[in-house]
Amino acid sequence: MLKRVAAALLLATAMPVMAQGPAPAPASTAPAAPPKLIVAISVDQFSADLFSEYRQYYAGGLKRLTEGAVFPRGYQSHAATETCPGHSTILTGSRPSRTGIVANNWIDLGTARADKTVYCAEDESQPGSSSDNYVASPMHLKVPTLGGRMKLANPATRVVSIAGKDRAAIMMGGPTADQVWWLGGPQGYVSYKGIATPPLVAKVNEAMAQRLAQANPGFELPQQCLSKDFAVRAGDRSVGTGRFAREAGDFKAFRVSPEQDAMTLAFAAAAIESMDLGKQAQTDIISVGLSATDYIGHSYGTEGTESCIQVTRLDQELGAFFDRLDKDGIDYAVVLTADHGGHDLPERHRMNAMPMESRVDAALTPKALNATIAQKVGMPGRTLIWADGAAGDLYFDRGLSAAERTKVEATTLKLLRAHPQVQAVFTKAEIAATPSPTGRPENWSLIQEARASFYPERSGDLLVLLKPNIMSIPERAVMGAVATHGSPWDMDRRVPILFWRKGMRHFEQPLGVETVDILPSLAALIDLPVPQGEIDGRCLDLIAGDGDSCDRR
């Protein structure tokens, strides 16, 4: 078996990876029996805008998924549209207000270590750790995943999670997953501390090493990308014309390219084959986190040749992945979505009819803001404010007296609310007093979005939300990342949600739904009861016309 898997890995990761077949025509009736395998795919930073922009060109895996149940107006409905919170919603049915994952990083001024920043997927109690040099852990996730619920109902269920990022694999797999692997560096895929590398993963890493040792001359530019081929200057970087050429052994370039997703999908296909997932009596689940779109979006923006090539390659790689599952005869159901959307760099927006786009004022960055507030309240040189960036949660020093705290908060609120780039600032008390939102997510107010992200023990004392045309990376910080996400606006909240299974009748629902609706929708397919009071999502009926996939009677 391993020899066959190794051969398939080398074939799947050879240069170039072009294998794909025509998407099978959908049948007219949905299968009645539960699928034997659930495949949950997250494409990091695959916004609804990016999905729709290239939809007419899909010919592989994304084309197949558009022939199932299509929800083009999905929402990561919360305000903190970052990778970790987004992945925590996909297979838990719960918003960050339940999952506890309020951001990629939050501040814990009560932690014993000198570094007060806590990474969402770490165990900060480990000796000598920091938020940059951490021990990966699922301990901060406060709710079970779909795989965890499936395993509780039937211990024979196998739960596997594979991703390009640790936080994607961990948040979708959950604490009870059988296998959790992520791309750790040039050495390949790694897991939690103390987990031995099994033969399959050793083979995957060997195949990756061989792939990395070959130079990549770059990808050809598809016809649909020609109009995007012009240079844009952002800080000290020029972007917009890349082809992902890579020297042999350059892992950084490998990671920020379509090659990364090709390797992750090859690993996932090998895991399904070697573990016989979906071939036993119970239903198994594998989650796959494809991270390259996010790395590319940050490094080059969401437009330009780089993003266009990435989406084209993603479509091809997904097609090859589904073809492998088809050949194995597995009855599988797929859901594909994203952890958040993304926003292109202001410099290109200004070239393309959006002159109002700009970068955040450096005065709003934590260090500068703290210095200004400390001077205004008569405490120069003191650290009064803690934050992870120019927007999002802001924390006040715990050593302040009640009178000092009142003065610092009032001064900070006055300054921020008067700033022309700030849309809103909410206090912790204001957010806590807001009921959890209901109804369609496109109709929520900003404070309702903030409430969906709010977890009292981890959220900040203030929440700062920038205006929609402001990129939260300041001019002077444009060195590595040229663009980002994390805002409460639709460009970052809206993501596609696509369900597919052989035999499904196609339909499209353009009204807003949430990523938290994925868990109850999949649970209904496998007759898994999930008490409504334990989650925020609702079951989506995936049967076009008569019938209701949510009706478990």
# chains A, B, ... in the order shown; residues from 1 in each chain; ligands from 1

call {"tool": "closest_atom_pairs", "arguments": {"of": "range 452-500 of chain A", "to": "range 425-436 of chain A", "cutoff": "8 Å", "atoms": "only C-alpha atoms", "output": "CSV"}}
result
residue,atom,partner,partner_atom,distance
A:Ala452,CA,A:Ser436,CA,6.5
A:Phe454,CA,A:Ile431,CA,7.3
A:Pro456,CA,A:Ala432,CA,7.7
A:Ser459,CA,A:Lys428,CA,7.8
A:Gly460,CA,A:Lys428,CA,6.8
A:Asp461,CA,A:Lys428,CA,5.0
A:Leu462,CA,A:Thr427,CA,4.5
A:Leu463,CA,A:Phe426,CA,5.2
A:Val464,CA,A:Val425,CA,4.7
A:Leu465,CA,A:Val425,CA,6.2

call {"tool": "residues_around", "arguments": {"residues": "Val43 in chain A", "least_positions_apart": "5", "cutoff": "12 Å", "atoms": "only C-alpha atoms", "output": "ChimeraX atom specification"}}
result
/A:48,50-51,62,83,86-87,90,163-165,168,258,261,264-265,287-297,310-311,314-315,318,335-342,495-498

call {"tool": "residues_around", "arguments": {"residues": "Lys193 in chain A", "least_positions_apart": "4", "cutoff": "9 Å", "atoms": "only C-alpha atoms", "output": "list in words"}}
result
Val135, Ala136 and Ser137 of chain A

call {"tool": "write_last_selection", "arguments": {"atoms": "N, CA, C and O atoms", "output": "mmCIF file, in the first residue's frame"}}
result
data_model
loop_
_atom_site.group_PDB
_atom_site.id
_atom_site.type_symbol
_atom_site.label_atom_id
_atom_site.label_comp_id
_atom_site.auth_asym_id
_atom_site.auth_seq_id
_atom_site.Cartn_x
_atom_site.Cartn_y
_atom_site.Cartn_z
ATOM 1 N N VAL A 135 4.328 25.998 21.537
ATOM 2 C CA VAL A 135 3.963 24.589 21.446
ATOM 3 C C VAL A 135 2.512 24.537 20.970
ATOM 4 O O VAL A 135 1.606 25.029 21.646
ATOM 5 N N ALA A 136 2.295 23.974 19.792
ATOM 6 C CA ALA A 136 0.956 23.944 19.205
ATOM 7 C C ALA A 136 0.005 23.115 20.063
ATOM 8 O O ALA A 136 0.375 22.069 20.594
ATOM 9 N N SER A 137 -1.239 23.604 20.164
ATOM 10 C CA SER A 137 -2.225 22.940 21.014
ATOM 11 C C SER A 137 -3.633 23.375 20.604
ATOM 12 O O SER A 137 -3.843 24.517 20.192
#

call {"tool": "residues_around", "arguments": {"residues": "Arg493 in chain A", "least_positions_apart": "2", "cutoff": "7 Å", "atoms": "only C-alpha atoms", "output": "MDAnalysis selection string"}}
result
chainID A and resid 75:77 81 340:341 488:491 495

call {"tool": "residues_around", "arguments": {"residues": "Pro529 in chain A", "least_positions_apart": "6", "cutoff": "9 Å", "atoms": "only C-alpha atoms", "output": "number ranges by chain"}}
result
A: 520, 523, 552

call {"tool": "write_last_selection", "arguments": {"atoms": "all heavy atoms", "output": "PDB file, in the first residue's frame"}}
result
ATOM      1  N   PRO A 520     -24.348  21.843  11.114  1.00  0.00           N
ATOM      2  CA  PRO A 520     -25.661  21.192  11.186  1.00  0.00           C
ATOM      3  C   PRO A 520     -26.125  20.636   9.839  1.00  0.00           C
ATOM      4  O   PRO A 520     -26.844  19.627   9.795  1.00  0.00           O
ATOM      5  CB  PRO A 520     -26.595  22.300  11.685  1.00  0.00           C
ATOM      6  CG  PRO A 520     -25.871  23.574  11.435  1.00  0.00           C
ATOM      7  CD  PRO A 520     -24.419  23.259  11.536  1.00  0.00           C
ATOM      8  N   ALA A 523     -24.171  17.382   9.500  1.00  0.00           N
ATOM      9  CA  ALA A 523     -24.649  16.449  10.519  1.00  0.00           C
ATOM     10  C   ALA A 523     -25.973  15.811  10.093  1.00  0.00           C
ATOM     11  O   ALA A 523     -26.215  14.616  10.327  1.00  0.00           O
ATOM     12  CB  ALA A 523     -24.810  17.162  11.856  1.00  0.00           C
ATOM     13  N   ARG A 552     -34.880  14.874   9.685  1.00  0.00           N
ATOM     14  CA  ARG A 552     -34.281  13.605  10.077  1.00  0.00           C
ATOM     15  C   ARG A 552     -35.338  12.576  10.513  1.00  0.00           C
ATOM     16  O   ARG A 552     -34.983  11.536  11.062  1.00  0.00           O
ATOM     17  CB  ARG A 552     -33.270  13.830  11.202  1.00  0.00           C
ATOM     18  CG  ARG A 552     -32.120  14.746  10.806  1.00  0.00           C
ATOM     19  CD  ARG A 552     -31.116  14.943  11.932  1.00  0.00           C
ATOM     20  NE  ARG A 552     -30.598  13.680  12.411  1.00  0.00           N
ATOM     21  CZ  ARG A 552     -30.956  13.113  13.557  1.00  0.00           C
ATOM     22  NH1 ARG A 552     -31.857  13.683  14.336  1.00  0.00           N
ATOM     23  NH2 ARG A 552     -30.440  11.962  13.947  1.00  0.00           N
TER      24      ARG A 552
END

call {"tool": "residues_around", "arguments": {"residues": "Leu416 in chain A", "least_positions_apart": "6", "cutoff": "12 Å", "atoms": "only C-alpha atoms", "output": "VMD selection string"}}
result
chain A and resid 361 363 to 365 369 to 370 372 to 373 390 to 391 394 409 to 410 422 to 427 462 to 466

call {"tool": "select_by_dssp", "arguments": {"residues": "range 274-366 of chain A", "states": "helix (DSSP H, G or I)", "output": "compact mmCIF listing (two decimals) with C-alpha atoms, in the first residue's frame"}}
result
# COMPACT_ATOMS: atom_id res chain seq x y z
CA SER A 274 -3.74 4.57 2.98
CA ALA A 292 -1.56 29.24 -0.46
CA THR A 293 -4.28 31.70 -1.51
CA ASP A 294 -3.78 33.56 1.77
CA TYR A 295 0.02 33.64 1.55
CA ILE A 296 -0.29 34.93 -2.01
CA GLY A 297 -2.95 37.48 -1.08
CA HIS A 298 -0.77 38.93 1.66
CA SER A 299 2.39 38.89 -0.45
CA TYR A 300 0.99 40.13 -3.77
CA GLY A 304 -2.54 40.66 -10.36
CA THR A 305 -1.11 37.67 -12.16
CA GLU A 306 -0.17 35.95 -8.90
CA SER A 307 -3.71 35.61 -7.59
CA CYS A 308 -5.07 34.79 -11.04
CA ILE A 309 -2.59 31.95 -11.52
CA GLN A 310 -3.31 30.66 -8.01
CA VAL A 311 -7.07 30.39 -8.56
CA THR A 312 -6.49 28.65 -11.92
CA ARG A 313 -4.11 26.14 -10.35
CA LEU A 314 -6.43 25.62 -7.38
CA ASP A 315 -9.23 24.66 -9.77
CA GLN A 316 -6.92 22.18 -11.52
CA GLU A 317 -5.51 20.66 -8.32
CA LEU A 318 -8.97 20.19 -6.82
CA GLY A 319 -10.05 18.48 -10.04
CA ALA A 320 -7.15 16.03 -9.79
CA PHE A 321 -7.93 15.43 -6.11
CA PHE A 322 -11.60 14.62 -6.76
CA ASP A 323 -10.64 12.39 -9.69
CA ARG A 324 -8.48 10.30 -7.32
CA LEU A 325 -11.41 9.89 -4.93
CA ASP A 326 -13.68 8.91 -7.81
CA LYS A 327 -11.26 6.22 -8.95
CA PRO A 346 -4.66 50.27 -1.92
CA GLU A 347 -2.02 51.13 -4.51
CA ARG A 348 -3.68 48.94 -7.15
CA HIS A 349 -7.16 50.05 -6.12
CA ARG A 350 -6.10 53.67 -6.70
CA MET A 351 -4.91 52.69 -10.19
CA ALA A 362 0.80 55.08 11.59
CA ALA A 363 -0.46 57.11 14.58
CA LEU A 364 -3.04 54.34 15.14
CA PRO A 366 -0.17 50.33 19.15

call {"tool": "select_by_dssp", "arguments": {"residues": "range 439-538 of chain A", "states": "strand (DSSP E or B)", "output": "list in words"}}
result
Leu462, Leu463, Val464, Leu465, Leu466, Ile470, Met471, Arg494, Val495, Pro496, Ile497, Leu498, Phe499, Trp500, Arg501, Phe507, Glu508, Val513 and Glu514 of chain A

call {"tool": "closest_residue", "arguments": {"among": "A:Val360, A:Ala402, A:Ile285, A:Val143", "to": "Ala177 in chain A", "atoms": "only C-alpha atoms"}}
result
A:Ile285

call {"tool": "residues_around", "arguments": {"residues": "Val180 in chain A", "least_positions_apart": "4", "cutoff": "9 Å", "atoms": "only C-alpha atoms", "output": "PyMOL selection string"}}
result
chain A and resi 159-163+166+169-170+173-174+190-192

call {"tool": "closest_residue", "arguments": {"among": "A:Gly486, A:Gly249, A:Pro441, A:Gly533", "to": "Glu82 in chain A", "atoms": "only C-alpha atoms"}}
result
A:Gly486

call {"tool": "atom_distance", "arguments": {"atom1": "CA of Ile473 in chain A", "atom2": "CA of Ala387 in chain A"}}
result
14.2 Å

call {"tool": "closest_residue", "arguments": {"among": "A:Leu415, A:Leu221, A:Ala215, A:Leu109", "to": "Trp386 in chain A", "atoms": "only C-alpha atoms"}}
result
A:Leu109

call {"tool": "atom_distance", "arguments": {"atom1": "CA of Gln126 in chain A", "atom2": "CA of Trp182 in chain A"}}
result
20.3 Å

call {"tool": "closest_residue", "arguments": {"among": "A:Ser238, A:Thr99, A:Gln421, A:Ser521", "to": "Pro468 in chain A", "atoms": "only C-alpha atoms"}}
result
A:Gln421
